[in-house]
Each structure stands twice: as C-alpha cells, then as structure tokens.
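Just input.cif here, mmCIF, C-alpha atoms:
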```cif
data_my_file
loop_
_atom_site.group_PDB
_atom_site.id
_atom_site.type_symbol
_atom_site.label_atom_id
_atom_site.label_comp_id
_atom_site.auth_asym_id
_atom_site.auth_seq_id
_atom_site.Cartn_x
_atom_site.Cartn_y
_atom_site.Cartn_z
ATOM 1 C CA MET A 1299 -24.793 16.390 -9.212
ATOM 2 C CA ASN A 1300 -27.238 13.710 -8.199
ATOM 3 C CA VAL A 1301 -25.360 10.973 -6.306
ATOM 4 C CA VAL A 1302 -27.087 7.583 -6.138
ATOM 5 C CA GLU A 1303 -25.901 4.681 -3.989
ATOM 6 C CA VAL A 1304 -25.449 1.510 -6.033
ATOM 7 C CA PRO A 1305 -27.707 -1.218 -4.601
ATOM 8 C CA ARG A 1306 -26.042 -4.192 -2.932
ATOM 9 C CA ILE A 1307 -27.723 -7.495 -3.751
ATOM 10 C CA SER A 1308 -27.379 -11.208 -3.140
ATOM 11 C CA ALA A 1309 -28.001 -13.168 -6.336
ATOM 12 C CA THR A 1310 -26.838 -16.219 -8.228
ATOM 13 C CA PRO A 1311 -25.067 -15.628 -11.558
ATOM 14 C CA GLU A 1312 -28.250 -16.726 -13.336
ATOM 15 C CA GLU A 1313 -30.405 -14.301 -11.332
ATOM 16 C CA PHE A 1314 -27.936 -11.512 -12.026
ATOM 17 C CA ALA A 1315 -27.983 -12.221 -15.770
ATOM 18 C CA GLU A 1316 -31.767 -12.485 -15.959
ATOM 19 C CA ASN A 1317 -32.809 -9.665 -13.644
ATOM 20 C CA PHE A 1318 -30.015 -7.101 -13.523
ATOM 21 C CA ALA A 1319 -27.451 -7.304 -16.340
ATOM 22 C CA CYS A 1320 -30.141 -6.751 -18.960
ATOM 23 C CA LYS A 1321 -31.080 -3.417 -17.350
ATOM 24 C CA ASP A 1322 -27.633 -1.862 -17.890
ATOM 25 C CA GLU A 1323 -27.661 -0.552 -14.327
ATOM 26 C CA PRO A 1324 -24.870 -1.128 -11.785
ATOM 27 C CA VAL A 1325 -25.226 -3.425 -8.787
ATOM 28 C CA VAL A 1326 -22.817 -4.746 -6.174
ATOM 29 C CA LEU A 1327 -22.969 -8.535 -5.831
ATOM 30 C CA THR A 1328 -22.225 -9.475 -2.237
ATOM 31 C CA ASN A 1329 -22.463 -13.253 -2.116
ATOM 32 C CA LEU A 1330 -20.389 -14.710 -4.951
ATOM 33 C CA SER A 1331 -17.232 -16.751 -4.497
ATOM 34 C CA TRP A 1332 -14.270 -15.984 -6.769
ATOM 35 C CA GLY A 1333 -12.010 -18.775 -5.585
ATOM 36 C CA PRO A 1334 -9.267 -18.751 -2.940
ATOM 37 C CA CYS A 1335 -7.633 -15.526 -4.173
ATOM 38 C CA LYS A 1336 -9.098 -13.289 -1.452
ATOM 39 C CA ASP A 1337 -7.672 -15.548 1.261
ATOM 40 C CA ILE A 1338 -4.197 -16.198 -0.139
ATOM 41 C CA TRP A 1339 -3.205 -13.160 -2.221
ATOM 42 C CA SER A 1340 -0.869 -11.568 0.295
ATOM 43 C CA PRO A 1341 2.134 -9.528 -0.884
ATOM 44 C CA GLU A 1342 4.418 -12.397 0.122
ATOM 45 C CA TYR A 1343 2.389 -14.965 -1.806
ATOM 46 C CA LEU A 1344 2.197 -12.870 -4.972
ATOM 47 C CA CYS A 1345 5.923 -12.154 -4.868
ATOM 48 C CA SER A 1346 6.698 -15.847 -4.434
ATOM 49 C CA LYS A 1347 4.521 -16.751 -7.410
ATOM 50 C CA LEU A 1348 5.406 -13.949 -9.826
ATOM 51 C CA GLY A 1349 8.929 -13.100 -8.730
ATOM 52 C CA SER A 1350 10.802 -10.411 -10.620
ATOM 53 C CA ARG A 1351 8.898 -10.652 -13.909
ATOM 54 C CA PRO A 1352 8.830 -7.149 -15.446
ATOM 55 C CA VAL A 1353 5.644 -5.074 -15.313
ATOM 56 C CA LYS A 1354 4.989 -1.579 -16.667
ATOM 57 C CA ILE A 1355 3.598 0.638 -13.923
ATOM 58 C CA HIS A 1356 2.547 4.232 -13.194
ATOM 59 C CA ARG A 1357 4.640 6.039 -10.577
ATOM 60 C CA SER A 1358 3.692 9.406 -9.084
ATOM 61 C CA LYS A 1359 4.172 11.684 -6.100
ATOM 62 C CA HIS A 1360 0.454 12.470 -6.300
ATOM 63 C CA SER A 1361 -2.292 10.143 -5.081
ATOM 64 C CA ASN A 1362 -4.742 11.564 -7.641
ATOM 65 C CA LEU A 1363 -3.364 10.316 -10.963
ATOM 66 C CA SER A 1364 -4.174 12.697 -13.807
ATOM 67 C CA PHE A 1365 -4.020 11.585 -17.427
ATOM 68 C CA VAL A 1366 -4.633 15.184 -18.527
ATOM 69 C CA GLN A 1367 -1.780 16.657 -16.486
ATOM 70 C CA LYS A 1368 0.403 13.536 -16.846
ATOM 71 C CA ASN A 1369 1.525 13.799 -13.224
ATOM 72 C CA PHE A 1370 3.032 10.320 -13.334
ATOM 73 C CA SER A 1371 5.792 8.473 -15.122
ATOM 74 C CA TYR A 1372 5.820 5.047 -16.737
ATOM 75 C CA GLU A 1373 8.408 2.660 -15.376
ATOM 76 C CA THR A 1374 9.220 -1.003 -15.751
ATOM 77 C CA LEU A 1375 9.889 -2.794 -12.473
ATOM 78 C CA GLY A 1376 10.138 -6.350 -11.290
ATOM 79 C CA PHE A 1377 6.764 -7.419 -9.927
ATOM 80 C CA ASP A 1378 8.192 -8.239 -6.497
ATOM 81 C CA ASN A 1379 9.833 -4.820 -6.229
ATOM 82 C CA PHE A 1380 6.610 -3.139 -7.352
ATOM 83 C CA VAL A 1381 4.574 -4.960 -4.675
ATOM 84 C CA LYS A 1382 7.051 -3.969 -1.969
ATOM 85 C CA LEU A 1383 6.764 -0.334 -3.052
ATOM 86 C CA CYS A 1384 2.970 -0.571 -2.979
ATOM 87 C CA ALA A 1385 3.207 -1.939 0.550
ATOM 88 C CA GLY A 1386 5.083 1.192 1.593
ATOM 89 C CA GLN A 1387 8.585 -0.198 1.731
ATOM 90 C CA ASN A 1388 10.165 2.997 0.391
ATOM 91 C CA GLN A 1389 11.220 6.059 2.375
ATOM 92 C CA VAL A 1390 9.802 8.645 -0.048
ATOM 93 C CA LYS A 1391 5.999 8.807 -0.175
ATOM 94 C CA GLU A 1392 5.033 7.807 -3.699
ATOM 95 C CA TYR A 1393 2.077 6.116 -5.354
ATOM 96 C CA PHE A 1394 2.092 3.161 -7.721
ATOM 97 C CA TYR A 1395 -0.463 1.653 -10.068
ATOM 98 C CA LEU A 1396 -0.390 -1.379 -12.346
ATOM 99 C CA ARG A 1397 -2.900 -2.076 -15.063
ATOM 100 C CA ALA A 1398 -1.490 -5.285 -16.462
ATOM 101 C CA LEU A 1399 -1.413 -5.434 -20.241
ATOM 102 C CA GLY A 1400 -0.308 -8.218 -22.537
ATOM 103 C CA ASN A 1401 3.192 -9.351 -23.412
ATOM 104 C CA ASP A 1402 3.576 -6.969 -26.348
ATOM 105 C CA ALA A 1403 6.084 -4.277 -25.385
ATOM 106 C CA ARG A 1404 4.004 -1.647 -27.209
ATOM 107 C CA GLY A 1405 0.891 -2.483 -25.193
ATOM 108 C CA ARG A 1406 -1.107 -3.745 -28.166
ATOM 109 C CA ASP A 1407 -2.107 -7.084 -26.649
ATOM 110 C CA VAL A 1408 -5.576 -7.460 -25.211
ATOM 111 C CA ALA A 1409 -5.167 -8.158 -21.498
ATOM 112 C CA ASP A 1410 -5.823 -11.805 -20.643
ATOM 113 C CA PHE A 1411 -5.286 -12.597 -16.966
ATOM 114 C CA ARG A 1412 -5.228 -16.369 -17.405
ATOM 115 C CA MET A 1413 -2.775 -16.261 -20.287
ATOM 116 C CA HIS A 1414 -0.434 -13.642 -18.879
ATOM 117 C CA PHE A 1415 -0.482 -14.674 -15.200
ATOM 118 C CA PRO A 1416 -0.745 -18.485 -15.247
ATOM 119 C CA ALA A 1417 1.076 -18.829 -11.907
ATOM 120 C CA ILE A 1418 -1.882 -17.295 -10.043
ATOM 121 C CA SER A 1419 -4.711 -17.724 -12.547
ATOM 122 C CA GLU A 1420 -6.178 -20.793 -10.850
ATOM 123 C CA ASP A 1421 -6.594 -18.804 -7.628
ATOM 124 C CA PHE A 1422 -9.260 -16.660 -9.308
ATOM 125 C CA VAL A 1423 -12.373 -18.619 -10.253
ATOM 126 C CA VAL A 1424 -15.084 -16.876 -12.276
ATOM 127 C CA PRO A 1425 -18.618 -18.002 -11.329
ATOM 128 C CA GLU A 1426 -20.160 -19.877 -14.228
ATOM 129 C CA GLY A 1427 -22.844 -17.874 -15.984
ATOM 130 C CA ILE A 1428 -21.812 -14.447 -14.670
ATOM 131 C CA TYR A 1429 -21.398 -13.231 -18.263
ATOM 132 C CA PRO A 1430 -22.633 -14.617 -21.608
ATOM 133 C CA GLU A 1431 -20.410 -17.326 -23.089
ATOM 134 C CA GLY A 1432 -18.066 -15.977 -25.741
ATOM 135 C CA ARG A 1433 -18.573 -12.354 -24.688
ATOM 136 C CA LEU A 1434 -15.426 -11.838 -22.602
ATOM 137 C CA PHE A 1435 -13.276 -9.144 -24.229
ATOM 138 C CA SER A 1436 -10.439 -8.813 -21.718
ATOM 139 C CA SER A 1437 -9.497 -9.602 -18.123
ATOM 140 C CA VAL A 1438 -7.192 -7.160 -16.373
ATOM 141 C CA LEU A 1439 -5.140 -7.527 -13.202
ATOM 142 C CA ARG A 1440 -4.883 -4.227 -11.325
ATOM 143 C CA VAL A 1441 -2.665 -3.562 -8.317
ATOM 144 C CA SER A 1442 -2.002 -0.242 -6.588
ATOM 145 C CA SER A 1443 -0.695 1.305 -3.423
ATOM 146 C CA GLY A 1444 -3.227 2.660 -0.945
ATOM 147 C CA ASP A 1445 -5.154 5.893 -1.599
ATOM 148 C CA VAL A 1446 -4.530 5.933 -5.347
ATOM 149 C CA GLN A 1447 -7.284 7.692 -7.276
ATOM 150 C CA LEU A 1448 -7.480 6.989 -10.994
ATOM 151 C CA TRP A 1449 -8.531 9.548 -13.589
ATOM 152 C CA THR A 1450 -12.158 9.625 -14.691
ATOM 153 C CA HIS A 1451 -12.477 7.758 -17.976
ATOM 154 C CA TYR A 1452 -14.952 6.182 -20.397
ATOM 155 C CA ASP A 1453 -15.153 2.424 -20.936
ATOM 156 C CA VAL A 1454 -16.882 1.137 -24.052
ATOM 157 C CA MET A 1455 -17.329 -2.402 -22.736
ATOM 158 C CA ASP A 1456 -19.435 -3.449 -19.759
ATOM 159 C CA ASN A 1457 -17.290 -4.075 -16.681
ATOM 160 C CA ILE A 1458 -17.272 -6.612 -13.881
ATOM 161 C CA LEU A 1459 -15.012 -5.279 -11.116
ATOM 162 C CA VAL A 1460 -13.838 -7.777 -8.507
ATOM 163 C CA GLN A 1461 -12.081 -6.458 -5.407
ATOM 164 C CA VAL A 1462 -9.732 -9.149 -4.083
ATOM 165 C CA VAL A 1463 -7.687 -7.213 -1.503
ATOM 166 C CA GLY A 1464 -8.441 -3.873 0.156
ATOM 167 C CA GLU A 1465 -11.293 -1.515 -0.669
ATOM 168 C CA LYS A 1466 -12.180 0.550 -3.713
ATOM 169 C CA ARG A 1467 -14.495 3.549 -4.026
ATOM 170 C CA VAL A 1468 -16.140 3.646 -7.451
ATOM 171 C CA TYR A 1469 -17.990 6.449 -9.228
ATOM 172 C CA LEU A 1470 -20.020 5.556 -12.321
ATOM 173 C CA PHE A 1471 -21.896 7.680 -14.853
ATOM 174 C CA PRO A 1472 -24.423 6.446 -17.422
ATOM 175 C CA PRO A 1473 -23.332 6.875 -21.069
ATOM 176 C CA THR A 1474 -26.198 9.326 -21.556
ATOM 177 C CA ASP A 1475 -24.426 11.707 -19.153
ATOM 178 C CA ALA A 1476 -21.062 11.617 -20.932
ATOM 179 C CA GLU A 1477 -21.411 15.218 -22.107
ATOM 180 C CA PHE A 1478 -21.684 16.391 -18.486
ATOM 181 C CA ILE A 1479 -18.252 15.073 -17.468
ATOM 182 C CA TYR A 1480 -16.306 17.013 -20.123
ATOM 183 C CA PRO A 1481 -14.894 14.117 -22.152
ATOM 184 C CA VAL A 1482 -11.636 14.354 -24.071
ATOM 185 C CA GLY A 1483 -11.446 11.138 -26.065
ATOM 186 C CA ASP A 1484 -12.011 8.364 -23.539
ATOM 187 C CA LYS A 1485 -10.814 10.524 -20.612
ATOM 188 C CA SER A 1486 -12.556 13.271 -18.623
ATOM 189 C CA LEU A 1487 -11.352 16.709 -17.568
ATOM 190 C CA VAL A 1488 -13.160 16.182 -14.250
ATOM 191 C CA GLU A 1489 -10.545 14.623 -12.011
ATOM 192 C CA ASP A 1490 -11.717 15.002 -8.411
ATOM 193 C CA LEU A 1491 -15.182 13.590 -7.832
ATOM 194 C CA ASP A 1492 -14.798 13.766 -4.051
ATOM 195 C CA LEU A 1493 -14.574 17.568 -4.264
ATOM 196 C CA PRO A 1494 -16.045 18.460 -7.665
ATOM 197 C CA ASP A 1495 -15.401 21.977 -8.968
ATOM 198 C CA PHE A 1496 -18.805 23.084 -10.249
ATOM 199 C CA ASP A 1497 -17.514 26.572 -11.051
ATOM 200 C CA LYS A 1498 -15.006 25.080 -13.470
ATOM 201 C CA PHE A 1499 -17.324 22.296 -14.669
ATOM 202 C CA PRO A 1500 -20.900 23.625 -14.361
ATOM 203 C CA LYS A 1501 -22.445 20.898 -16.545
ATOM 204 C CA LEU A 1502 -21.307 18.309 -14.011
ATOM 205 C CA ALA A 1503 -24.146 19.461 -11.753
ATOM 206 C CA SER A 1504 -26.603 17.920 -14.248
ATOM 207 C CA ALA A 1505 -25.008 14.464 -14.103
ATOM 208 C CA THR A 1506 -26.219 11.439 -12.184
ATOM 209 C CA CYS A 1507 -23.360 9.683 -10.400
ATOM 210 C CA TYR A 1508 -23.620 6.127 -9.062
ATOM 211 C CA LYS A 1509 -21.363 5.528 -6.068
ATOM 212 C CA CYS A 1510 -20.327 2.322 -4.344
ATOM 213 C CA PHE A 1511 -17.613 0.722 -2.249
ATOM 214 C CA LEU A 1512 -16.127 -2.620 -3.242
ATOM 215 C CA LYS A 1513 -14.627 -5.046 -0.742
ATOM 216 C CA PRO A 1514 -13.401 -8.661 -0.946
#
```
Output the file's structure in the form of structure tokens.
Amino acid sequence: MNVVEVPRISATPEEFAENFACKDEPVVLTNLSWGPCKDIWSPEYLCSKLGSRPVKIHRSKHSNLSFVQKNFSYETLGFDNFVKLCAGQNQVKEYFYLRALGNDARGRDVADFRMHFPAISEDFVVPEGIYPEGRLFSSVLRVSSGDVQLWTHYDVMDNILVQVVGEKRVYLFPPTDAEFIYPVGDKSLVEDLDLPDFDKFPKLASATCYKCFLKP
C-alpha cells in the first residue's frame, strides 16, 4: 500500500477553491478561522449549553468500532451524560461515539448542525467561500471519547473535516481505488489501517492511501 502524506497548506478560501478543490485531491488547511469554538468548546461549556437533550450514540468496549462485526450498541443518552462518559468519568473502560443526525427518530433527517444545535451554532463560523454557494448537503457534529477508530467507509459527497478539539488521524482513498479496500455497500471489510492484513486483503497492497493528522 502506497501511503502519501496529505500536504498542509496556507490558503484563503478563494485560493483553496481555485487551486485545490477543483483537483479533487485532499489538503489540510492550516490557517483558517472557524470562529470561537476551538477556544470555548470545553466539556463544561457544551454541557451547559446542550444539557440533557437526548442523543443517539455508539457504545462499545472496543476502541476500533466495526460496522461489519457490530461490536457496538446504539443507546440514547442525555448529551451531558454522554460528554462525561467521553471524558472518562466511568469506572469501566468503554468507548463512545456520536454522529449527530436530525430530529427524526428513525434517522431520516439530513444532518444540519445549525438547525439541530442552535445553542452552539454561532460558535462555529464557516469561512465565506470555502464551498460553492448552494452546494452544502449536510453538516454533522461528531463527538467521541479518546482513541476511537471508526470503520473504513465510502462517502459519496466531498467532505470538509474540521477538528475543533483534540486530534484526528485520517486515512483517505481515491474513488478509483475503491475495489482495493473490499467494499460492502458503503462500508469496507478492511478495518485496521494502522496494521493492515495483506494476507487477508491482498488487493489492499495496490491502493494509494492519503494520510493526515487534523488538529484545532
């Protein structure tokens, strides 16, 4: 597997749109401001703003969450309780992950951060021009405990990932290499990209993987 470091660049939203977005290649933008969120989104602040509103979360005893093996359960918790668990305020070592959806109990709403989290939405300011007007499909709030690794999956839409608190390691594959990561629907059978099993997944050796670390 050919691992390529994603370039880190300093660019205005206009420069990004004109010189990088059109190439369909990943970059890490290092100089943009996303509002006061990175300075004020502490566990205490988020709990004070969002309180006990219910959220549907993944809960597991395994840090490597597997959609294939389903080694997690879905639970509904109050947001404040969920954040405390993420911060390690439980005696049993468990892992928690929230991918905030809409208000529909069946998960059919398209995620809209500003609509669904108005109490903290003004803390997160999107730089004007970072994406084409009218082209935003969804905006998703994600929160997890430390060391959580999410299953490899396929996204149809282009993504802008913004790390507000903590650090995230990201592995990306070009769509042309989808066959090499053993897709099952929009998920992949390849679950551990830190220690890939090339005996089990020999085609993975032919893939090009883009790797980066995201920080606030």
Worksheet item: Exactly which residues make up the result of the PyMOL selection byres ((chain A and resi 1477) around 12) on this file, given as a VMD selection string?
Response: chain A and resid 1452 1471 to 1476 1478 to 1488 1499 to 1506
Please enumerate the residues selected by the PyMOL selection byres ((chain A and resi 1339-1356) around 10) when evaluated against the supplied file, formatted as a compact mmCIF listing (two decimals) with C-alpha atoms, keeping the file's coordinate frame.
```txt
# COMPACT_ATOMS: atom_id res chain seq x y z
CA PRO A 1334 -9.27 -18.75 -2.94
CA CYS A 1335 -7.63 -15.53 -4.17
CA LYS A 1336 -9.10 -13.29 -1.45
CA ASP A 1337 -7.67 -15.55 1.26
CA ILE A 1338 -4.20 -16.20 -0.14
CA ARG A 1357 4.64 6.04 -10.58
CA SER A 1358 3.69 9.41 -9.08
CA LEU A 1363 -3.36 10.32 -10.96
CA ASN A 1369 1.52 13.80 -13.22
CA PHE A 1370 3.03 10.32 -13.33
CA SER A 1371 5.79 8.47 -15.12
CA TYR A 1372 5.82 5.05 -16.74
CA GLU A 1373 8.41 2.66 -15.38
CA THR A 1374 9.22 -1.00 -15.75
CA LEU A 1375 9.89 -2.79 -12.47
CA GLY A 1376 10.14 -6.35 -11.29
CA PHE A 1377 6.76 -7.42 -9.93
CA ASP A 1378 8.19 -8.24 -6.50
CA ASN A 1379 9.83 -4.82 -6.23
CA PHE A 1380 6.61 -3.14 -7.35
CA VAL A 1381 4.57 -4.96 -4.68
CA LYS A 1382 7.05 -3.97 -1.97
CA CYS A 1384 2.97 -0.57 -2.98
CA ALA A 1385 3.21 -1.94 0.55
CA TYR A 1393 2.08 6.12 -5.35
CA PHE A 1394 2.09 3.16 -7.72
CA TYR A 1395 -0.46 1.65 -10.07
CA LEU A 1396 -0.39 -1.38 -12.35
CA ARG A 1397 -2.90 -2.08 -15.06
CA ALA A 1398 -1.49 -5.28 -16.46
CA LEU A 1399 -1.41 -5.43 -20.24
CA GLY A 1400 -0.31 -8.22 -22.54
CA ASN A 1401 3.19 -9.35 -23.41
CA ALA A 1403 6.08 -4.28 -25.38
CA GLY A 1405 0.89 -2.48 -25.19
CA PHE A 1415 -0.48 -14.67 -15.20
CA PRO A 1416 -0.74 -18.48 -15.25
CA ALA A 1417 1.08 -18.83 -11.91
CA ILE A 1418 -1.88 -17.30 -10.04
CA ASP A 1421 -6.59 -18.80 -7.63
CA PHE A 1422 -9.26 -16.66 -9.31
CA VAL A 1441 -2.66 -3.56 -8.32
CA SER A 1442 -2.00 -0.24 -6.59
CA VAL A 1462 -9.73 -9.15 -4.08
CA VAL A 1463 -7.69 -7.21 -1.50
```
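One finds CA of Val1366 in chain A at 23.8 Å from CA of Asp1407 in chain A.
Comparing the minimum interatomic distances between Val1326 in chain A and each of A:Leu1439, A:Trp1449, A:Leu1493, A:Leu1512, counting only C-alpha atoms, we find that A:Leu1512 sits nearest.
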Applying 8 Å and only C-alpha atoms, which residues near Val1302 in chain A remain after dropping the ones on its own chain fewer than 5 positions away? List them as a compact mmCIF listing (two decimals) with C-alpha atoms, in the frame of the given file.
```
# COMPACT_ATOMS: atom_id res chain seq x y z
CA THR A 1506 -26.22 11.44 -12.18
CA CYS A 1507 -23.36 9.68 -10.40
CA TYR A 1508 -23.62 6.13 -9.06
CA LYS A 1509 -21.36 5.53 -6.07
```
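Interatomic distance, CA of Asn1457 in chain A to CA of Lys1368 in chain A: 25.0 Å.
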Worksheet item: Using all atoms listed in the file, which residues sit within 9 Å of range 1425-1436 of chain A once same-chain residues fewer than 3 positions away are excluded, as a ChimeraX atom specification?
Response: /A:1310-1312,1314-1315,1319,1330-1333,1408-1411,1455,1458
Worksheet item: How would you write, as number ranges by chain, the residues chosen by the PyMOL selection byres ((chain A and resi 1468) around 6) on this structure?
Response: A: 1467, 1469, 1509-1510
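For the pair CA of Lys1391 in chain A and CA of Asn1362 in chain A, the separation is 13.4 Å.
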Item to complete: Please identify all polymer residues within 9 Å of Gly1464 in chain A, counting all atoms listed in the file, omitting same-chain residues fewer than 6 positions from it, and present them as a ChimeraX atom specification.
Response: /A:1444,1512-1514
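With only C-alpha atoms as the atoms that count, the residue of A:Ser1437, A:Thr1328, A:Asn1300, A:Asn1317 with the shortest distance to Phe1511 in chain A is A:Thr1328.
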Sel. within 12 Å of pt (-30.4, -5.2, -4.1), counting only C-alpha atoms, output as a PDB file with C-alpha atoms, in the frame of the given file:
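So part05.pdb came out as:
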```
ATOM      1  CA  GLU A1303     -25.901   4.681  -3.989  1.00  0.00           C
ATOM      2  CA  VAL A1304     -25.449   1.510  -6.033  1.00  0.00           C
ATOM      3  CA  PRO A1305     -27.707  -1.218  -4.601  1.00  0.00           C
ATOM      4  CA  ARG A1306     -26.042  -4.192  -2.932  1.00  0.00           C
ATOM      5  CA  ILE A1307     -27.723  -7.495  -3.751  1.00  0.00           C
ATOM      6  CA  SER A1308     -27.379 -11.208  -3.140  1.00  0.00           C
ATOM      7  CA  ALA A1309     -28.001 -13.168  -6.336  1.00  0.00           C
ATOM      8  CA  GLU A1313     -30.405 -14.301 -11.332  1.00  0.00           C
ATOM      9  CA  PHE A1314     -27.936 -11.512 -12.026  1.00  0.00           C
ATOM     10  CA  ASN A1317     -32.809  -9.665 -13.644  1.00  0.00           C
ATOM     11  CA  PHE A1318     -30.015  -7.101 -13.523  1.00  0.00           C
ATOM     12  CA  GLU A1323     -27.661  -0.552 -14.327  1.00  0.00           C
ATOM     13  CA  PRO A1324     -24.870  -1.128 -11.785  1.00  0.00           C
ATOM     14  CA  VAL A1325     -25.226  -3.425  -8.787  1.00  0.00           C
ATOM     15  CA  VAL A1326     -22.817  -4.746  -6.174  1.00  0.00           C
ATOM     16  CA  LEU A1327     -22.969  -8.535  -5.831  1.00  0.00           C
ATOM     17  CA  THR A1328     -22.225  -9.475  -2.237  1.00  0.00           C
ATOM     18  CA  ASN A1329     -22.463 -13.253  -2.116  1.00  0.00           C
TER      19      ASN A1329
END
```
Report the centre and edge lengths, in Å to one decimal, of an axis-aligned box enclosing every atom of range 1446-1459 of chain A listed in the file, padded by 4 Å on each side, as JSON.
```
{"center_x": -12.0, "center_y": 1.5, "center_z": -14.7, "size_x": 22.9, "size_y": 24.2, "size_z": 26.7}
```
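The shortest atom-to-atom distance to Arg1440 in chain A, with only C-alpha atoms taken into account, belongs to A:Lys1466 out of A:Asp1453, A:Cys1320, A:Lys1466, A:Val1423.
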